[in-house]
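Peer 1: Input data-v6.csv, format and content: CSV, C-alpha atoms.
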chain,number,residue,atom,x,y,z
A,821,MET,CA,0.0,0.0,0.0
A,822,LYS,CA,1.3,3.4,-0.9
A,823,LEU,CA,1.0,5.9,2.0
A,824,THR,CA,-0.3,9.4,1.3
A,825,ARG,CA,2.1,12.3,2.0
A,826,GLU,CA,0.6,15.7,3.0
A,827,ILE,CA,2.1,19.0,4.2
A,828,ILE,CA,1.0,20.3,7.6
A,829,GLN,CA,0.4,24.1,8.0
A,830,PRO,CA,-0.3,26.0,11.2
A,831,LYS,CA,-3.6,27.8,11.4
A,832,ASN,CA,-1.8,30.9,12.6
A,833,PRO,CA,0.3,32.1,9.5
A,834,LYS,CA,2.7,33.9,11.8
A,835,LEU,CA,3.9,30.5,13.0
A,836,ASN,CA,4.7,29.3,9.4
A,837,VAL,CA,8.4,29.9,10.0
A,838,SER,CA,9.7,28.1,7.0
A,839,LYS,CA,7.5,30.3,4.7
A,840,ASN,CA,8.1,33.5,6.6
A,841,PHE,CA,11.9,33.1,6.8
A,842,ASN,CA,12.1,31.6,3.3
A,843,LEU,CA,13.6,28.3,4.5
A,844,PRO,CA,13.7,25.1,2.5
A,845,HIS,CA,11.5,23.0,4.7
A,846,SER,CA,7.8,22.4,5.5
A,847,PRO,CA,6.3,23.0,9.0
A,848,GLY,CA,5.5,19.3,9.1
A,849,VAL,CA,4.6,16.3,6.9
A,850,LYS,CA,1.9,13.8,7.5
A,851,VAL,CA,2.5,10.4,6.1
A,852,GLY,CA,0.1,7.5,6.8
A,853,ASP,CA,-1.0,8.0,10.4
A,854,PHE,CA,2.3,9.7,11.5
A,855,ILE,CA,3.1,13.4,11.6
A,856,PHE,CA,6.7,14.5,11.4
A,857,LEU,CA,7.3,18.1,12.6
A,858,SER,CA,10.3,20.2,11.6
A,859,GLY,CA,12.5,21.4,14.4
A,860,MET,CA,10.7,24.3,16.2
A,861,VAL,CA,12.3,27.3,17.8
A,862,SER,CA,10.8,30.1,20.0
A,863,ILE,CA,8.6,32.3,17.8
A,864,ASP,CA,6.2,35.0,19.0
A,865,PRO,CA,2.8,33.9,17.6
A,866,GLU,CA,1.7,37.6,17.3
A,867,THR,CA,4.6,39.0,15.4
A,868,GLY,CA,6.2,35.9,13.9
A,869,GLU,CA,9.6,37.1,15.1
A,870,ARG,CA,12.1,35.0,17.1
A,871,ALA,CA,11.4,35.3,20.8
A,872,LEU,CA,14.8,35.0,22.4
A,873,GLY,CA,14.7,34.4,26.1
A,874,THR,CA,15.8,31.9,28.8
A,875,VAL,CA,15.7,28.2,28.2
A,876,ALA,CA,12.6,28.1,30.4
A,877,SER,CA,10.7,30.8,28.4
A,878,GLU,CA,11.8,29.4,25.0
A,879,THR,CA,10.7,25.9,26.0
A,880,ARG,CA,7.3,27.3,27.0
A,881,GLN,CA,6.9,29.2,23.8
A,882,ILE,CA,7.9,26.3,21.6
A,883,LEU,CA,5.6,23.7,23.3
A,884,THR,CA,2.7,26.2,23.1
A,885,ASN,CA,3.4,26.7,19.4
A,886,MET,CA,3.9,22.9,18.9
A,887,SER,CA,0.4,22.3,20.5
A,888,HIS,CA,-1.0,24.8,18.0
A,889,MET,CA,0.8,23.1,15.1
A,890,LEU,CA,-0.4,19.7,16.0
A,891,GLU,CA,-4.0,20.9,16.6
A,892,SER,CA,-4.0,22.6,13.2
A,893,ALA,CA,-3.4,19.1,11.8
A,894,GLY,CA,-6.1,17.5,14.0
A,895,SER,CA,-3.6,16.0,16.5
A,896,SER,CA,-2.4,17.2,19.9
A,897,LEU,CA,0.6,17.1,22.3
A,898,ALA,CA,-1.0,13.9,23.9
A,899,ASN,CA,-0.5,12.1,20.6
A,900,ILE,CA,3.3,12.7,20.5
A,901,VAL,CA,5.3,9.5,20.2
A,902,LYS,CA,8.9,10.9,20.2
A,903,VAL,CA,10.5,14.2,21.0
A,904,ASN,CA,14.1,15.3,20.2
A,905,VAL,CA,15.4,18.3,22.2
A,906,PHE,CA,18.4,20.3,21.2
A,907,LEU,CA,19.9,22.5,23.8
A,908,TYR,CA,22.7,25.1,23.3
A,909,ASN,CA,24.2,23.8,26.6
A,910,MET,CA,23.5,20.7,28.5
A,911,LEU,CA,24.0,22.5,31.8
A,912,GLU,CA,20.5,23.9,31.1
A,913,PHE,CA,18.9,20.5,31.0
A,914,GLU,CA,16.9,20.9,34.2
A,915,ASN,CA,15.6,24.4,33.1
A,916,MET,CA,14.1,22.7,30.1
A,917,ASN,CA,12.9,19.6,31.9
A,918,ALA,CA,11.0,21.6,34.6
A,919,VAL,CA,8.9,23.5,32.0
A,920,TYR,CA,8.6,20.5,29.7
A,921,ARG,CA,6.9,18.4,32.3
A,922,GLU,CA,4.0,20.9,32.6
A,923,PHE,CA,3.0,20.1,29.0
A,924,PHE,CA,2.9,16.3,29.4
A,925,PRO,CA,1.0,15.6,32.6
A,926,SER,CA,0.8,11.8,32.0
A,927,ALA,CA,2.4,9.1,29.8
A,928,PRO,CA,5.1,11.5,28.4
A,929,PRO,CA,6.6,10.7,24.9
A,930,ALA,CA,9.9,9.0,24.5
A,931,ARG,CA,12.6,11.7,24.3
A,932,THR,CA,16.2,12.3,23.5
A,933,THR,CA,18.2,15.4,24.5
A,934,CYS,CA,21.6,16.6,23.4
A,935,GLY,CA,23.6,19.8,23.3
A,936,VAL,CA,24.3,21.4,19.9
A,937,GLN,CA,25.1,24.8,18.4
A,938,LEU,CA,22.0,26.6,17.3
A,939,THR,CA,21.5,29.6,15.0
A,940,GLY,CA,20.3,33.1,15.7
A,941,GLY,CA,21.1,33.2,19.4
A,942,LEU,CA,18.4,30.7,20.2
A,943,LYS,CA,18.8,28.4,23.2
A,944,ILE,CA,16.6,25.4,22.3
A,945,GLU,CA,15.0,23.7,19.4
A,946,ILE,CA,12.4,20.8,19.7
A,947,GLU,CA,11.1,18.4,17.0
A,948,CYS,CA,8.6,15.6,17.3
A,949,VAL,CA,6.9,12.6,15.7
A,950,ALA,CA,3.2,12.3,16.6
A,951,LEU,CA,0.2,10.2,15.6
A,952,ALA,CA,-2.3,12.0,13.4
B,1499,MET,CA,-6.9,8.7,15.6
B,1500,THR,CA,-6.7,5.3,14.1
B,1501,LEU,CA,-3.4,4.1,15.6
B,1502,HIS,CA,-2.8,3.3,19.2
B,1503,ARG,CA,0.0,4.9,21.3
B,1504,GLU,CA,1.3,2.6,23.9
B,1505,VAL,CA,3.9,3.4,26.7
B,1506,LEU,CA,6.4,0.6,27.1
B,1507,GLU,CA,7.3,-0.2,30.7
B,1508,PRO,CA,11.0,-0.4,31.9
B,1509,PRO,CA,12.0,-4.1,31.6
B,1510,MET,CA,14.4,-3.6,34.6
B,1511,PRO,CA,14.3,-0.9,37.3
B,1512,GLY,CA,17.5,0.9,36.0
B,1513,PHE,CA,15.8,1.7,32.7
B,1514,ASP,CA,13.5,4.2,34.4
B,1515,MET,CA,15.3,7.5,33.7
B,1516,ARG,CA,12.1,9.3,34.9
B,1517,LYS,CA,12.3,7.7,38.4
B,1518,GLU,CA,16.1,7.6,38.6
B,1519,TYR,CA,16.9,11.1,37.3
B,1520,GLY,CA,13.7,13.0,36.9
B,1521,HIS,CA,13.8,13.0,33.1
B,1522,HIS,CA,10.2,13.6,32.0
B,1523,GLN,CA,10.0,10.8,29.4
B,1524,SER,CA,8.8,7.3,28.9
B,1525,VAL,CA,11.3,4.6,28.2
B,1526,ALA,CA,9.8,3.9,24.8
B,1527,ILE,CA,6.5,4.4,22.9
B,1528,ARG,CA,5.1,1.8,20.5
B,1529,ALA,CA,2.9,3.2,17.7
B,1530,GLY,CA,2.0,2.1,14.2
B,1531,GLY,CA,4.2,-1.0,14.4
B,1532,LEU,CA,7.3,1.0,15.4
B,1533,ILE,CA,9.1,1.4,18.7
B,1534,TYR,CA,10.5,4.9,19.4
B,1535,ILE,CA,13.1,4.7,22.3
B,1536,SER,CA,14.2,7.5,24.5
B,1537,GLY,CA,17.9,8.4,24.2
B,1538,LEU,CA,19.8,5.4,25.7
B,1539,LEU,CA,22.8,6.1,28.0
B,1540,PRO,CA,25.2,3.7,29.7
B,1541,ILE,CA,23.3,3.0,32.9
B,1542,ASN,CA,23.3,-0.2,35.0
B,1543,PRO,CA,20.0,-1.9,34.1
B,1544,GLU,CA,19.5,-3.2,37.7
B,1545,THR,CA,20.5,-0.2,39.7
B,1546,GLY,CA,20.2,2.8,37.3
B,1547,GLU,CA,23.7,3.8,38.3
B,1548,ARG,CA,25.6,5.8,35.6
B,1549,GLU,CA,28.5,3.8,34.2
B,1550,HIS,CA,30.9,6.3,32.7
B,1551,GLY,CA,33.7,4.8,30.7
B,1552,THR,CA,35.3,4.8,27.3
B,1553,VAL,CA,33.4,5.0,24.0
B,1554,THR,CA,33.9,1.3,23.8
B,1555,SER,CA,32.6,0.4,27.2
B,1556,GLU,CA,29.7,2.9,27.0
B,1557,THR,CA,28.7,1.6,23.5
B,1558,LYS,CA,28.7,-2.0,24.8
B,1559,ARG,CA,26.6,-1.2,27.8
B,1560,ILE,CA,24.1,0.7,25.7
B,1561,PHE,CA,23.7,-2.1,23.2
B,1562,GLU,CA,23.3,-4.7,25.9
B,1563,ASN,CA,20.5,-2.5,27.5
B,1564,LEU,CA,19.0,-2.0,24.0
B,1565,LYS,CA,18.9,-5.8,23.5
B,1566,ILE,CA,17.1,-6.3,26.8
B,1567,LEU,CA,14.6,-3.5,26.1
B,1568,LEU,CA,13.8,-4.7,22.5
B,1569,GLU,CA,13.6,-8.4,23.4
B,1570,ALA,CA,11.3,-7.7,26.4
B,1571,ASN,CA,8.9,-6.1,23.9
B,1572,GLY,CA,8.9,-8.8,21.1
B,1573,SER,CA,11.5,-7.0,19.0
B,1574,SER,CA,15.3,-7.5,18.6
B,1575,LEU,CA,18.5,-5.8,17.5
B,1576,ASP,CA,18.1,-7.1,13.9
B,1577,ARG,CA,14.7,-5.3,13.7
B,1578,ILE,CA,16.2,-1.8,14.3
B,1579,VAL,CA,15.2,0.7,11.6
B,1580,GLN,CA,17.2,3.8,12.4
B,1581,ILE,CA,19.8,4.9,14.8
B,1582,HIS,CA,21.1,8.4,15.7
B,1583,ALA,CA,24.5,7.6,17.3
B,1584,MET,CA,25.7,10.6,19.3
B,1585,ILE,CA,29.3,10.8,20.5
B,1586,TYR,CA,31.0,13.6,22.4
B,1587,ASP,CA,33.9,14.0,19.9
B,1588,ARG,CA,34.1,13.1,16.3
B,1589,ILE,CA,37.6,11.8,16.8
B,1590,GLU,CA,36.1,8.7,18.4
B,1591,TYR,CA,34.2,7.8,15.3
B,1592,ASP,CA,36.2,4.6,14.5
B,1593,VAL,CA,36.2,3.6,18.2
B,1594,LEU,CA,32.4,3.7,18.1
B,1595,ASN,CA,32.2,1.7,14.9
B,1596,ARG,CA,34.4,-1.1,16.2
B,1597,MET,CA,32.0,-2.0,19.0
B,1598,TYR,CA,28.9,-0.9,17.1
B,1599,ARG,CA,29.5,-3.4,14.2
B,1600,ASN,CA,29.5,-6.4,16.7
B,1601,TYR,CA,25.8,-5.7,17.6
B,1602,VAL,CA,24.4,-5.2,14.1
B,1603,PRO,CA,26.6,-7.5,11.9
B,1604,HIS,CA,24.1,-8.1,9.1
B,1605,MET,CA,22.0,-5.6,7.2
B,1606,PRO,CA,22.7,-2.8,9.7
B,1607,PRO,CA,20.1,-0.1,10.3
B,1608,ALA,CA,20.1,3.3,8.7
B,1609,ARG,CA,22.4,5.5,10.8
B,1610,THR,CA,23.6,9.1,11.4
B,1611,VAL,CA,26.4,9.9,13.7
B,1612,TRP,CA,26.3,13.3,15.5
B,1613,SER,CA,29.1,14.9,17.5
B,1614,VAL,CA,27.2,16.6,20.3
B,1615,GLN,CA,27.3,17.6,24.0
B,1616,LEU,CA,25.8,14.9,26.2
B,1617,GLU,CA,24.4,15.0,29.7
B,1618,ALA,CA,26.4,14.2,32.8
B,1619,GLY,CA,29.7,13.7,31.0
B,1620,PHE,CA,28.7,10.7,29.0
B,1621,LYS,CA,30.5,9.9,25.8
B,1622,VAL,CA,27.8,8.0,23.8
B,1623,GLN,CA,24.0,8.1,23.4
B,1624,LEU,CA,21.9,6.1,21.0
B,1625,ASP,CA,18.6,7.2,19.7
B,1626,VAL,CA,16.7,4.2,18.2
B,1627,VAL,CA,13.6,3.4,16.2
B,1628,ALA,CA,12.9,-0.3,15.7
B,1629,ALA,CA,10.2,-2.4,14.1
B,1630,ALA,CA,8.0,-3.8,16.9
Please lay out the structure from this file as structure tokens.

Peer 2:
Amino acid sequence: MKLTREIIQPKNPKLNVSKNFNLPHSPGVKVGDFIFLSGMVSIDPETGERALGTVASETRQILTNMSHMLESAGSSLANIVKVNVFLYNMLEFENMNAVYREFFPSAPPARTTCGVQLTGGLKIEIECVALA
Amino acid sequence: MTLHREVLEPPMPGFDMRKEYGHHQSVAIRAGGLIYISGLLPINPETGEREHGTVTSETKRIFENLKILLEANGSSLDRIVQIHAMIYDRIEYDVLNRMYRNYVPHMPPARTVWSVQLEAGFKVQLDVVAAA
């Protein structure tokens, strides 16, 4: 059986980062019953600009936007299977983890975290795979 | 949602990074015939104690744990689909490969190696997707 492949768009156009910043990726791709989201960084949903802050504030903004992104595609945070977290410095792990846990009150997704160099002075990037 | 999302239980107490270290994540999630596993680190599967060592010893410990986790859930090392192998320094690439090839000798999974910063001074982390 050949699976269908469909591009995911956020309902709020300000959160369509790849389009607004002219980047060569889609916000997400739905294939079969899975949704693969591109790595998300902290974006102000009212202005569409990067919202630089602390690891805690950026984590909160990203997961709020990720919720919107998944709900735009008929899914939700509760349907996430796997999360990859990229931090600018692993010493900030707990600052991410503490905010992160508020968004997944039960049965949290599988998750991998590592420290990498990010662009634009951002401190954290998060990507996920979810069920549609 | 057509597919079911199932949290896999830790096969041995040491696998529970949520309980041992407060990491807000499940050990693994099964969905759509795939198993998505949280980033695996070299921990003692019985006690959860961190077992820092060389890239060789850490890779060995992680694969032994991965084998336990997969086999406890009806899968196995030869059903792995994709691995993101993360090491602390690119210079250890060949050292990783020497131990790695012992565990996936035939038709090895798709793989990407990243040089990243890992938590708690670890040298290796494996991020794995396997067929259930």

Peer 1: One number please: atom CA of B:Gln1580 to atom CA of B:Ala1629, in Å, one decimal.

Peer 2: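 Straight-line distance from atom CA of B:Gln1580 to atom CA of B:Ala1629 works out to 9.5 Å.
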
Peer 1: Select residues of chain B: the criterion is any atom within 6 Å of an atom of chain A, counting all atoms listed in the file; output as a VMD selection string.

Peer 2: chain B and resid 1522 to 1527 1535 to 1537 1614 to 1617

Peer 1: For A:Asn915, which residue out of B:Lys1565, B:Arg1503, B:His1521, B:Arg1609 is the nearest one, using only C-alpha atoms?

Peer 2: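 Smallest distance to A:Asn915 is found for B:His1521.
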
Peer 1: Could you check the closest approach to B:Glu1544 for each of B:Met1605, B:Ala1630, B:Met1510, B:Ile1566 and tell me which residue wins, using all atoms listed in the file?

Peer 2: B:Met1510

Peer 1: As an exercise, work out the distance from atom CA of B:Leu1539 to atom CA of B:Val1505 in Å and give it to one decimal place.

Peer 2: 19.1 Å

Peer 1: Hey, what's within 9 Å of B:Tyr1598 if we count only C-alpha atoms and toss same-chain stuff fewer than 2 positions away? As a list in words, please?

Peer 2: Thr1554, Thr1557, Lys1558, Phe1561, Val1593, Leu1594, Asn1595, Arg1596, Asn1600, Tyr1601, Val1602 and Pro1603 of chain B

Peer 1: Could you check the closest approach to A:Pro865 for each of A:Leu843, A:Leu890, A:Val851, A:Leu835 and tell me which residue wins, using only C-alpha atoms?

Peer 2: A:Leu835

Peer 1: Quick one: residues within 9 Å of B:Ile1541, only C-alpha atoms, excluding same-chain residues fewer than 5 positions away - as a list in words?

Peer 2: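 Surrounding residues, per the criterion: Gly1512, Phe1513, Gly1546, Glu1547, Arg1548, Glu1549, His1550, Glu1556, Arg1559, Ile1560 and Asn1563 of chain B.
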
Peer 1: Suppose you want the space between atom CA of A:Pro847 and atom CA of A:Phe923; what is it in Å?

Peer 2: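 Computed distance, atom CA of A:Pro847 to atom CA of A:Phe923, equals 20.5 Å.
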
Peer 1: With all atoms listed in the file as the counted atoms, please give the residues lying no more than 8 Å from B:His1582, apart from itself and same-chain residues fewer than 2 positions off, as a PyMOL selection string.

Peer 2: chain B and resi 1580+1584+1609-1612+1624-1626

Peer 1: Just to be explicit: take each residue in the selection above, keep C-alpha atoms, and write the result as a short mmCIF file (atom, residue, chain, number, x, y, z; two decimals), in the frame of the given file.

Peer 2:
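New file out-v4.cif:
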data_model
loop_
_atom_site.label_atom_id
_atom_site.label_comp_id
_atom_site.auth_asym_id
_atom_site.auth_seq_id
_atom_site.Cartn_x
_atom_site.Cartn_y
_atom_site.Cartn_z
CA GLN B 1580 17.20 3.80 12.40
CA MET B 1584 25.70 10.60 19.30
CA ARG B 1609 22.40 5.50 10.80
CA THR B 1610 23.60 9.10 11.40
CA VAL B 1611 26.40 9.90 13.70
CA TRP B 1612 26.30 13.30 15.50
CA LEU B 1624 21.90 6.10 21.00
CA ASP B 1625 18.60 7.20 19.70
CA VAL B 1626 16.70 4.20 18.20
#

Peer 1: Name the residues in contact with A:Asn840 at a cut-off of 12 Å, using all atoms listed in the file, excluding same-chain residues fewer than 6 positions from it; report them as a list in words.

Peer 2: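 Near neighbours after the sequence-gap exclusion: Asn832, Pro833, Lys834, Ser846, Pro847, Ile863, Thr867, Gly868, Glu869 and Arg870 of chain A.
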
Peer 1: Which one of B:Gly1619, B:Pro1509, B:Pro1606, B:Gly1572 sits closest to B:Gly1531 if you count only C-alpha atoms?

Peer 2: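 Distance minimum relative to B:Gly1531 lands on B:Gly1572.
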
Peer 1: Could you add the missing atoms to stretch 1510-1546 of chain B, up to N, CA and C atoms, and return them as a compact mmCIF listing (two decimals), in the frame of the given file?

Peer 2:
# COMPACT_ATOMS: atom_id res chain seq x y z
N MET B 1510 13.64 -3.46 33.31
CA MET B 1510 14.40 -3.60 34.60
C MET B 1510 14.37 -2.22 35.23
N PRO B 1511 14.48 -2.17 36.57
CA PRO B 1511 14.30 -0.90 37.30
C PRO B 1511 15.23 0.23 36.78
N GLY B 1512 16.47 -0.13 36.42
CA GLY B 1512 17.50 0.90 36.00
C GLY B 1512 17.11 1.64 34.76
N PHE B 1513 16.21 1.09 33.94
CA PHE B 1513 15.80 1.70 32.70
C PHE B 1513 14.98 3.00 32.91
N ASP B 1514 14.44 3.14 34.10
CA ASP B 1514 13.50 4.20 34.40
C ASP B 1514 14.17 5.54 34.63
N MET B 1515 14.56 6.26 33.56
CA MET B 1515 15.30 7.50 33.70
C MET B 1515 14.37 8.59 34.38
N ARG B 1516 13.05 8.36 34.32
CA ARG B 1516 12.10 9.30 34.90
C ARG B 1516 12.21 9.19 36.43
N LYS B 1517 12.26 7.96 36.92
CA LYS B 1517 12.30 7.70 38.40
C LYS B 1517 13.72 8.02 38.88
N GLU B 1518 14.74 7.54 38.15
CA GLU B 1518 16.10 7.60 38.60
C GLU B 1518 16.65 9.07 38.57
N TYR B 1519 16.32 9.78 37.47
CA TYR B 1519 16.90 11.10 37.30
C TYR B 1519 15.95 12.22 36.99
N GLY B 1520 14.66 11.93 37.10
CA GLY B 1520 13.70 13.00 36.90
C GLY B 1520 13.47 13.42 35.46
N HIS B 1521 14.03 12.65 34.53
CA HIS B 1521 13.80 13.00 33.10
C HIS B 1521 12.35 12.73 32.78
N HIS B 1522 11.68 13.76 32.26
CA HIS B 1522 10.20 13.60 32.00
C HIS B 1522 10.00 12.93 30.71
N GLN B 1523 10.17 11.61 30.67
CA GLN B 1523 10.00 10.80 29.40
C GLN B 1523 9.70 9.40 29.75
N SER B 1524 9.01 8.75 28.80
CA SER B 1524 8.80 7.30 28.90
C SER B 1524 9.99 6.59 28.34
N VAL B 1525 10.20 5.35 28.76
CA VAL B 1525 11.30 4.60 28.20
C VAL B 1525 11.22 4.41 26.73
N ALA B 1526 10.01 4.10 26.28
CA ALA B 1526 9.80 3.90 24.80
C ALA B 1526 8.27 4.00 24.58
N ILE B 1527 7.91 4.33 23.34
CA ILE B 1527 6.50 4.40 22.90
C ILE B 1527 6.37 3.49 21.68
N ARG B 1528 5.35 2.63 21.70
CA ARG B 1528 5.10 1.80 20.50
C ARG B 1528 3.84 2.41 19.82
N ALA B 1529 3.97 2.63 18.52
CA ALA B 1529 2.90 3.20 17.70
C ALA B 1529 3.04 2.79 16.27
N GLY B 1530 1.96 2.35 15.65
CA GLY B 1530 2.00 2.10 14.20
C GLY B 1530 3.04 1.01 13.84
N GLY B 1531 3.27 0.04 14.70
CA GLY B 1531 4.20 -1.00 14.40
C GLY B 1531 5.68 -0.64 14.60
N LEU B 1532 5.90 0.59 15.11
CA LEU B 1532 7.30 1.00 15.40
C LEU B 1532 7.47 1.27 16.88
N ILE B 1533 8.71 1.11 17.34
CA ILE B 1533 9.10 1.40 18.70
C ILE B 1533 10.03 2.59 18.71
N TYR B 1534 9.63 3.70 19.31
CA TYR B 1534 10.50 4.90 19.40
C TYR B 1534 11.08 4.85 20.86
N ILE B 1535 12.41 4.82 20.96
CA ILE B 1535 13.10 4.70 22.30
C ILE B 1535 13.72 5.99 22.67
N SER B 1536 13.56 6.36 23.94
CA SER B 1536 14.20 7.50 24.50
C SER B 1536 15.74 7.33 24.39
N GLY B 1537 16.48 8.42 24.28
CA GLY B 1537 17.90 8.40 24.20
C GLY B 1537 18.53 7.43 25.22
N LEU B 1538 19.28 6.43 24.76
CA LEU B 1538 19.80 5.40 25.70
C LEU B 1538 21.25 5.84 26.09
N LEU B 1539 21.47 5.78 27.38
CA LEU B 1539 22.80 6.10 28.00
C LEU B 1539 23.31 4.91 28.72
N PRO B 1540 24.62 4.85 28.99
CA PRO B 1540 25.20 3.70 29.70
C PRO B 1540 24.85 3.66 31.17
N ILE B 1541 23.71 3.09 31.49
CA ILE B 1541 23.30 3.00 32.90
C ILE B 1541 23.22 1.49 33.26
N ASN B 1542 23.43 1.19 34.52
CA ASN B 1542 23.30 -0.20 35.00
C ASN B 1542 21.82 -0.55 34.99
N PRO B 1543 21.41 -1.60 34.28
CA PRO B 1543 20.00 -1.90 34.10
C PRO B 1543 19.32 -2.31 35.45
N GLU B 1544 20.10 -2.76 36.39
CA GLU B 1544 19.50 -3.20 37.70
C GLU B 1544 19.40 -2.02 38.65
N THR B 1545 20.45 -1.20 38.72
CA THR B 1545 20.50 -0.20 39.70
C THR B 1545 20.21 1.24 39.20
N GLY B 1546 20.34 1.44 37.90
CA GLY B 1546 20.20 2.80 37.30
C GLY B 1546 21.42 3.64 37.48
